[in-house]
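**Q** To be precise about what I am sending: the file is called data39.tsv and holds TSV, C-alpha atoms and all ligand atoms.
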```tsv
chain	number	residue	atom	x	y	z
P	1289	MET	CA	36.24	-43.92	2.56
P	1290	PRO	CA	35.35	-47.01	4.65
P	1291	SER	CA	36.13	-50.27	2.93
P	1292	ILE	CA	34.40	-53.62	2.95
P	1293	LEU	CA	36.02	-56.91	2.06
P	1294	HIS	CA	33.53	-59.48	0.83
P	1295	ILE	CA	34.74	-63.05	1.08
P	1296	ASN	CA	32.70	-65.47	-1.01
P	1297	ALA	CA	33.16	-69.08	0.10
P	1298	SER	CA	30.72	-70.60	-2.40
P	1299	PRO	CA	31.79	-71.76	-5.88
P	1300	ARG	CA	28.15	-71.74	-7.08
P	1301	TYR	CA	28.11	-68.07	-8.12
P	1302	GLY	CA	24.76	-67.40	-9.89
P	1303	ASN	CA	23.16	-70.40	-8.14
P	1304	SER	CA	24.57	-69.65	-4.72
P	1305	ASP	CA	22.08	-69.07	-1.89
P	1306	SER	CA	24.66	-67.50	0.39
P	1307	LEU	CA	26.16	-65.27	-2.33
P	1308	GLY	CA	22.70	-63.94	-3.30
P	1309	LEU	CA	22.14	-62.98	0.33
P	1310	ALA	CA	25.58	-61.38	0.57
P	1311	HIS	CA	24.69	-59.22	-2.44
P	1312	HIS	CA	21.37	-58.29	-0.81
P	1313	PHE	CA	23.22	-57.28	2.35
P	1314	ILE	CA	25.92	-55.28	0.55
P	1315	GLU	CA	23.32	-53.41	-1.52
P	1316	ALA	CA	21.42	-52.53	1.67
P	1317	VAL	CA	24.65	-51.32	3.31
P	1318	GLN	CA	25.53	-49.17	0.29
P	1319	ALA	CA	21.98	-47.74	0.22
P	1320	ALA	CA	22.37	-46.62	3.83
P	1321	ALA	CA	25.73	-44.99	3.23
P	1322	SER	CA	26.19	-41.28	2.76
P	1323	GLU	CA	29.02	-42.09	0.36
P	1324	THR	CA	29.79	-45.29	-1.51
P	1325	TYR	CA	31.92	-47.69	0.46
P	1326	GLU	CA	34.90	-49.18	-1.23
P	1327	LEU	CA	34.13	-52.84	-1.89
P	1328	GLU	CA	36.54	-55.62	-2.71
P	1329	THR	CA	35.43	-59.21	-3.33
P	1330	LEU	CA	37.57	-62.29	-2.88
P	1331	ASN	CA	36.07	-65.34	-4.59
P	1332	LEU	CA	37.89	-68.05	-2.69
P	1333	PHE	CA	37.19	-70.77	-5.26
P	1334	ASP	CA	38.50	-68.82	-8.27
P	1335	ASP	CA	41.62	-70.40	-9.82
P	1336	GLY	CA	44.71	-68.80	-8.32
P	1337	ALA	CA	42.74	-66.88	-5.68
P	1338	LEU	CA	44.92	-68.29	-2.91
P	1339	PRO	CA	48.52	-69.49	-2.66
P	1340	THR	CA	48.99	-73.03	-1.40
P	1341	PHE	CA	49.88	-73.37	2.25
P	1342	GLY	CA	51.75	-76.65	2.37
P	1343	ARG	CA	55.22	-78.01	3.03
P	1344	VAL	CA	57.18	-74.78	2.46
P	1345	ALA	CA	54.72	-72.36	4.08
P	1346	ALA	CA	54.25	-74.61	7.13
P	1347	SER	CA	58.01	-74.81	7.49
P	1348	ALA	CA	58.24	-71.00	7.15
P	1349	LYS	CA	55.70	-70.66	9.95
P	1350	MET	CA	57.57	-73.06	12.22
P	1351	ALA	CA	60.81	-71.15	11.54
P	1352	ILE	CA	59.10	-68.07	13.00
P	1353	PHE	CA	57.77	-70.02	16.00
P	1354	THR	CA	61.20	-71.42	16.77
P	1355	GLY	CA	63.14	-68.23	16.01
P	1356	GLN	CA	65.06	-69.67	13.04
P	1357	GLU	CA	65.89	-67.95	9.77
P	1358	GLN	CA	63.64	-68.71	6.81
P	1359	THR	CA	65.19	-70.12	3.62
P	1360	PRO	CA	64.68	-68.10	0.37
P	1361	GLU	CA	61.99	-70.59	-0.64
P	1362	GLU	CA	60.23	-70.10	2.71
P	1363	ILE	CA	60.51	-66.31	2.44
P	1364	ALA	CA	58.72	-66.44	-0.95
P	1365	ALA	CA	55.92	-68.60	0.49
P	1366	TRP	CA	55.65	-66.30	3.50
P	1367	ASP	CA	55.42	-63.20	1.27
P	1368	ALA	CA	52.61	-64.83	-0.73
P	1369	ALA	CA	50.70	-65.49	2.49
P	1370	ARG	CA	51.44	-61.97	3.69
P	1371	ASN	CA	49.77	-60.50	0.57
P	1372	VAL	CA	46.55	-62.34	1.43
P	1373	PHE	CA	46.75	-61.07	4.99
P	1374	GLU	CA	47.38	-57.46	3.81
P	1375	GLN	CA	44.13	-57.51	1.86
P	1376	PHE	CA	42.34	-58.77	4.98
P	1377	ALA	CA	43.96	-56.21	7.29
P	1378	ALA	CA	43.29	-53.26	4.97
P	1379	ALA	CA	39.49	-53.48	5.24
P	1380	ASP	CA	37.33	-51.88	7.93
P	1381	ALA	CA	34.59	-54.49	7.76
P	1382	TYR	CA	33.90	-57.94	6.37
P	1383	VAL	CA	31.05	-59.81	4.74
P	1384	PHE	CA	31.45	-63.59	4.59
P	1385	ASN	CA	29.05	-65.95	2.84
P	1386	ILE	CA	29.61	-69.51	3.93
P	1387	PRO	CA	27.79	-72.62	2.74
P	1388	MET	CA	28.05	-75.60	5.07
P	1389	TRP	CA	30.15	-78.36	3.54
P	1390	ASN	CA	30.11	-81.69	5.33
P	1391	SER	CA	29.18	-80.06	8.61
P	1392	GLY	CA	32.12	-77.66	8.41
P	1393	VAL	CA	33.34	-74.71	6.33
P	1394	PRO	CA	34.29	-75.20	2.64
P	1395	TYR	CA	37.98	-76.12	2.30
P	1396	ALA	CA	38.83	-72.92	0.41
P	1397	LEU	CA	37.70	-70.87	3.40
P	1398	LYS	CA	39.76	-73.06	5.72
P	1399	GLN	CA	42.74	-72.53	3.40
P	1400	TRP	CA	42.25	-68.75	3.58
P	1401	ILE	CA	42.01	-68.97	7.40
P	1402	ASP	CA	45.20	-71.06	7.53
P	1403	ILE	CA	46.98	-68.44	5.41
P	1404	VAL	CA	45.97	-65.32	7.35
P	1405	THR	CA	46.05	-66.76	10.88
P	1406	GLN	CA	49.67	-66.10	11.73
P	1407	PRO	CA	51.46	-64.92	14.87
P	1408	GLY	CA	52.06	-61.19	14.79
P	1409	TRP	CA	49.54	-60.76	11.97
P	1410	THR	CA	46.11	-61.73	13.25
P	1411	PHE	CA	47.01	-63.00	16.72
P	1412	GLY	CA	49.58	-62.62	19.44
P	1413	PHE	CA	50.70	-65.19	21.98
P	1414	HIS	CA	51.97	-64.86	25.52
P	1415	PRO	CA	53.24	-67.94	27.41
P	1416	GLU	CA	51.27	-66.98	30.53
P	1417	GLN	CA	48.34	-64.98	29.15
P	1418	GLY	CA	47.74	-67.12	26.06
P	1419	TYR	CA	46.39	-65.88	22.73
P	1420	SER	CA	45.15	-62.39	21.88
P	1421	GLY	CA	43.41	-61.27	18.69
P	1422	LEU	CA	45.06	-58.44	16.77
P	1423	MET	CA	42.17	-57.55	14.42
P	1424	GLN	CA	40.47	-55.28	16.95
P	1425	GLY	CA	38.01	-52.57	15.91
P	1426	LYS	CA	36.68	-54.39	12.84
P	1427	GLN	CA	33.17	-55.72	12.30
P	1428	ALA	CA	31.93	-58.72	10.37
P	1429	VAL	CA	28.74	-60.25	9.09
P	1430	ALA	CA	28.70	-63.96	8.32
P	1431	ILE	CA	25.89	-65.47	6.26
P	1432	HIS	CA	25.58	-69.22	6.79
P	1433	THR	CA	23.62	-71.59	4.57
P	1434	SER	CA	22.98	-75.32	4.82
P	1435	GLY	CA	20.81	-77.59	2.74
P	1436	VAL	CA	19.54	-80.02	5.37
P	1437	TYR	CA	20.89	-78.89	8.73
P	1438	ALA	CA	18.94	-76.24	10.64
P	1439	PRO	CA	18.99	-75.44	14.36
P	1440	GLY	CA	16.85	-77.90	16.31
P	1441	VAL	CA	16.82	-80.71	13.72
P	1442	PRO	CA	17.34	-84.25	15.04
P	1443	ALA	CA	20.97	-85.40	15.03
P	1444	VAL	CA	20.37	-87.67	12.01
P	1445	PHE	CA	19.97	-84.48	9.90
P	1446	GLY	CA	23.49	-83.33	10.65
P	1447	SER	CA	25.53	-81.09	12.90
P	1448	ASP	CA	26.91	-77.58	12.61
P	1449	PHE	CA	30.66	-77.25	13.08
P	1450	SER	CA	30.68	-74.53	10.41
P	1451	SER	CA	29.12	-71.46	12.03
P	1452	THR	CA	30.45	-72.50	15.46
P	1453	TYR	CA	34.01	-72.87	14.15
P	1454	PHE	CA	33.82	-69.66	12.17
P	1455	ALA	CA	32.40	-67.65	15.10
P	1456	ASP	CA	35.21	-68.98	17.27
P	1457	TRP	CA	37.83	-68.03	14.67
P	1458	LEU	CA	36.50	-64.47	14.34
P	1459	ASN	CA	36.73	-64.13	18.10
P	1460	PHE	CA	40.21	-65.68	18.11
P	1461	VAL	CA	41.55	-63.00	15.74
P	1462	GLY	CA	39.86	-60.23	17.76
P	1463	ILE	CA	36.77	-59.52	15.64
P	1464	GLN	CA	34.27	-59.50	18.47
P	1465	ASP	CA	31.74	-57.33	16.67
P	1466	ALA	CA	30.19	-60.07	14.54
P	1467	MET	CA	26.66	-60.79	13.37
P	1468	HIS	CA	25.75	-64.28	12.19
P	1469	VAL	CA	22.73	-64.76	9.94
P	1470	ARG	CA	21.51	-68.18	8.87
P	1471	PHE	CA	19.50	-69.32	5.85
P	1472	ALA	CA	18.57	-72.95	6.49
P	1473	PRO	CA	17.54	-75.40	5.35
P	1474	THR	CA	17.94	-74.43	1.71
P	1475	VAL	CA	17.22	-77.85	0.20
P	1476	LEU	CA	14.86	-79.64	2.58
P	1477	ASN	CA	12.47	-76.68	2.68
P	1478	ALA	CA	8.87	-76.57	1.44
P	1479	ASP	CA	8.83	-72.74	1.61
P	1480	ILE	CA	12.29	-71.76	0.44
P	1481	ASP	CA	11.17	-68.36	-0.91
P	1482	GLY	CA	9.38	-67.50	2.34
P	1483	THR	CA	12.44	-68.44	4.38
P	1484	ARG	CA	14.69	-66.42	2.05
P	1485	ARG	CA	12.44	-63.36	2.41
P	1486	LEU	CA	12.64	-63.60	6.21
P	1487	VAL	CA	16.42	-63.79	6.08
P	1488	GLU	CA	16.58	-60.86	3.64
P	1489	GLY	CA	14.56	-58.81	6.14
P	1490	GLU	CA	16.97	-59.79	8.90
P	1491	LEU	CA	19.90	-58.79	6.69
P	1492	SER	CA	18.32	-55.43	5.79
P	1493	ASP	CA	18.09	-54.63	9.52
P	1494	ALA	CA	21.64	-55.86	10.07
P	1495	ALA	CA	22.82	-53.65	7.18
P	1496	LEU	CA	21.61	-50.50	8.92
P	1497	LEU	CA	23.55	-51.38	12.06
P	1498	PHE	CA	26.61	-52.32	10.01
P	1499	ALA	CA	26.55	-49.09	7.95
P	1500	GLY	CA	25.87	-47.01	11.07
P	1501	LYS	CA	29.01	-48.35	12.73
P	1502	LEU	CA	31.09	-47.94	9.58
P	1503	ASN	CA	29.96	-44.34	9.28
P	1504	ALA	CA	30.48	-43.59	12.96
P	1505	GLY	CA	34.04	-44.89	12.65
P	1506	ARG	CA	34.66	-42.26	9.93
P	1507	GLY	CA	32.47	-39.45	11.29
P	1508	LEU	CA	29.90	-39.88	8.48
P	1509	GLU	CA	26.11	-39.63	8.67
P	1510	LEU	CA	23.65	-42.35	7.71
P	1511	VAL	CA	21.33	-41.52	4.82
P	1512	SER	CA	17.87	-40.92	6.31
P	1513	ASP	CA	14.78	-41.83	4.31
K	1601	LIG	C1	30.29	-80.29	-0.99
K	1601	LIG	C2	28.99	-79.98	-0.31
K	1601	LIG	C3	28.80	-80.41	0.99
K	1601	LIG	C4	27.61	-80.11	1.66
K	1601	LIG	N1	27.45	-80.52	2.95
K	1601	LIG	C5	26.33	-80.19	3.63
K	1601	LIG	C6	26.14	-80.57	5.00
K	1601	LIG	O1	26.99	-81.19	5.63
K	1601	LIG	N2	24.97	-80.26	5.60
K	1601	LIG	C7	23.99	-79.58	4.96
K	1601	LIG	O2	22.95	-79.28	5.57
K	1601	LIG	N3	24.15	-79.16	3.66
K	1601	LIG	C8	25.27	-79.45	3.00
K	1601	LIG	N4	25.45	-79.06	1.70
K	1601	LIG	C9	24.39	-78.21	1.08
K	1601	LIG	C10	24.75	-76.73	1.12
K	1601	LIG	O3	25.20	-76.34	2.39
K	1601	LIG	C11	23.54	-75.89	0.75
K	1601	LIG	O4	23.06	-76.28	-0.52
K	1601	LIG	C12	23.85	-74.42	0.79
K	1601	LIG	O5	22.64	-73.69	0.65
K	1601	LIG	C13	24.81	-74.06	-0.33
K	1601	LIG	O6	25.07	-72.66	-0.27
K	1601	LIG	P1	25.50	-71.91	-1.60
K	1601	LIG	O7	24.32	-72.05	-2.55
K	1601	LIG	O8	25.76	-70.52	-1.19
K	1601	LIG	O9	26.72	-72.61	-2.14
K	1601	LIG	C14	26.60	-79.35	1.01
K	1601	LIG	C15	26.81	-78.93	-0.31
K	1601	LIG	C16	28.00	-79.23	-0.96
K	1601	LIG	C17	28.20	-78.73	-2.39
```
Will you turn the file into structure tokens for me?
**A**
Amino acid sequence: MPSILHINASPRYGNSDSLGLAHHFIEAVQAAASETYELETLNLFDDGALPTFGRVAASAKMAIFTGQEQTPEEIAAWDAARNVFEQFAAADAYVFNIPMWNSGVPYALKQWIDIVTQPGWTFGFHPEQGYSGLMQGKQAVAIHTSGVYAPGVPAVFGSDFSSTYFADWLNFVGIQDAMHVRFAPTVLNADIDGTRRLVEGELSDAALLFAGKLNAGRGLELVSD
């Protein structure tokens, strides 16, 4: 059964614009499936959702880079990071909902990225050929929200280093099959419900494509209506 990992980068749960859209998308994907996809959700802001990646883990990473042995403390930190990566690697497809925070991604998402982005796990490196992504053959949908920023606004209304950074990271780890959908602005918007409906329509169309590819990967048929 194909599996989807949903990564929720908003701590606003019931009030979250991006999480509501992620649920809309996932429901549309499941409706198009000929069998229920396995779904796992990682709420990045839940207490204990992620191990820290600080002094010990950074040192464990540098030990790998420089070909040194890890200390027992570093091995434990590395194993904790590896568990987060295993959950990522096990899925066939990903749904990310990402509110813009101070022009970038929320820190919990950056923490998750810093945990899973390791040599030999999500990327390889060659001294002459450079980096290569190891997460080939997966697909992702990223839902981006921002309260004030929207494409085309004057510079005094902010910048977007969130979707640009995230798109670059997906590509870096080898997930080239990625759709990015934006709901913006969510605060400075006189017709918030109208904008949301448009985005939901976009996501319903994206869900058919997403489910079609998931099914094709497993030789399944799409449900026809
Ligand atoms: C800590 C924080 C920082 C934010 N920074 C920005 C920002 O730089 N630009 C912007 O347009 N909106 C910003 N916002 C607004 C959110 O991006 C916006 O409300 C978004 O719709 C929230 O998505 P969510 O409801 O899924 O959490 C910020 C909100 C928070 C809580």
**Q** Distance atom CA of Leu1307 of chain P-atom CA of Phe1454 of chain P, one decimal place?
**A**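 Going from atom CA of Leu1307 of chain P over to atom CA of Phe1454 of chain P, I get 17.0 Å.
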**Q** Pick the closest to ligand LIG 1601 (chain K) from P:Asn1303, P:Asn1331, P:Asn1459, P:Gln1356: which is it, counting only C-alpha atoms and all ligand atoms?
**A**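 Selected residue with least distance to ligand LIG 1601 (chain K): P:Asn1303.
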**Q** Which residues are near ligand LIG 1601 (chain K) in this structure, taking near to mean any atom at most 6 Å from a ligand atom and counting all atoms listed in the file? Format them as a list in words.
**A**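 Result of the 6 Å neighbour search around ligand LIG 1601 (chain K): Ser1298, Arg1300, Asn1303, Ser1304, Asp1305, Ser1306, Leu1307, Pro1387, Met1388, Trp1389, Asn1390, Ser1391, Thr1433, Ser1434, Gly1435, Val1436, Tyr1437 and Thr1474 of chain P.
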**Q** Store the residues picked out above, limited to C-alpha atoms, as a CSV table (one decimal), keeping the file's coordinate frame.
**A**
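Produced file result_35.csv, reproduced below:
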```
chain,number,residue,atom,x,y,z
P,1298,SER,CA,30.7,-70.6,-2.4
P,1300,ARG,CA,28.2,-71.7,-7.1
P,1303,ASN,CA,23.2,-70.4,-8.1
P,1304,SER,CA,24.6,-69.6,-4.7
P,1305,ASP,CA,22.1,-69.1,-1.9
P,1306,SER,CA,24.7,-67.5,0.4
P,1307,LEU,CA,26.2,-65.3,-2.3
P,1387,PRO,CA,27.8,-72.6,2.7
P,1388,MET,CA,28.0,-75.6,5.1
P,1389,TRP,CA,30.2,-78.4,3.5
P,1390,ASN,CA,30.1,-81.7,5.3
P,1391,SER,CA,29.2,-80.1,8.6
P,1433,THR,CA,23.6,-71.6,4.6
P,1434,SER,CA,23.0,-75.3,4.8
P,1435,GLY,CA,20.8,-77.6,2.7
P,1436,VAL,CA,19.5,-80.0,5.4
P,1437,TYR,CA,20.9,-78.9,8.7
P,1474,THR,CA,17.9,-74.4,1.7
```
**Q** Compare P:Val1372, P:Val1461, P:Ile1292, P:Ala1504 by their minimum atom-to-atom distance to Ile1403 of chain P, counting only C-alpha atoms, and give me the closest one.
**A**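 Once distances to Ile1403 of chain P are computed over only C-alpha atoms, the minimum belongs to P:Val1372.
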**Q** Identify, on the basis of all atoms listed in the file, every residue whose closest approach to Ala1316 of chain P does not exceed 8 Å; exclude the query and any residue fewer than 5 positions from it along the same chain; express the result as a short mmCIF file (atom, residue, chain, number, x, y, z; two decimals) with C-alpha atoms, in the frame of the given file.
**A**
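See part-v5.cif below for the written result:
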```
data_model
loop_
_atom_site.label_atom_id
_atom_site.label_comp_id
_atom_site.auth_asym_id
_atom_site.auth_seq_id
_atom_site.Cartn_x
_atom_site.Cartn_y
_atom_site.Cartn_z
CA SER P 1492 18.32 -55.43 5.79
CA ALA P 1495 22.82 -53.65 7.18
CA LEU P 1496 21.61 -50.50 8.92
#
```
**Q** Which value, in Å to one decimal, gives the distance between atom CA of Ala1364 of chain P and atom CA of Pro1339 of chain P?
**A**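 Going from atom CA of Ala1364 of chain P over to atom CA of Pro1339 of chain P, I get 10.8 Å.
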**Q** At a cut-off of 12 Å around the point (27.6, -59.8, 5.6) (file coordinates), what residues fall inside when counting only C-alpha atoms? I'd like the answer as a ChimeraX atom specification.
**A** /P:1292-1296,1306-1317,1329,1381-1386,1427-1432,1466-1470,1487-1488,1490-1499
**Q** Can you work out the spacing between atom CA of Ala1351 of chain P and atom CA of Ile1463 of chain P in Å, to one decimal?
**A**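 Value for the atom CA of Ala1351 of chain P-atom CA of Ile1463 of chain P distance: 27.0 Å.
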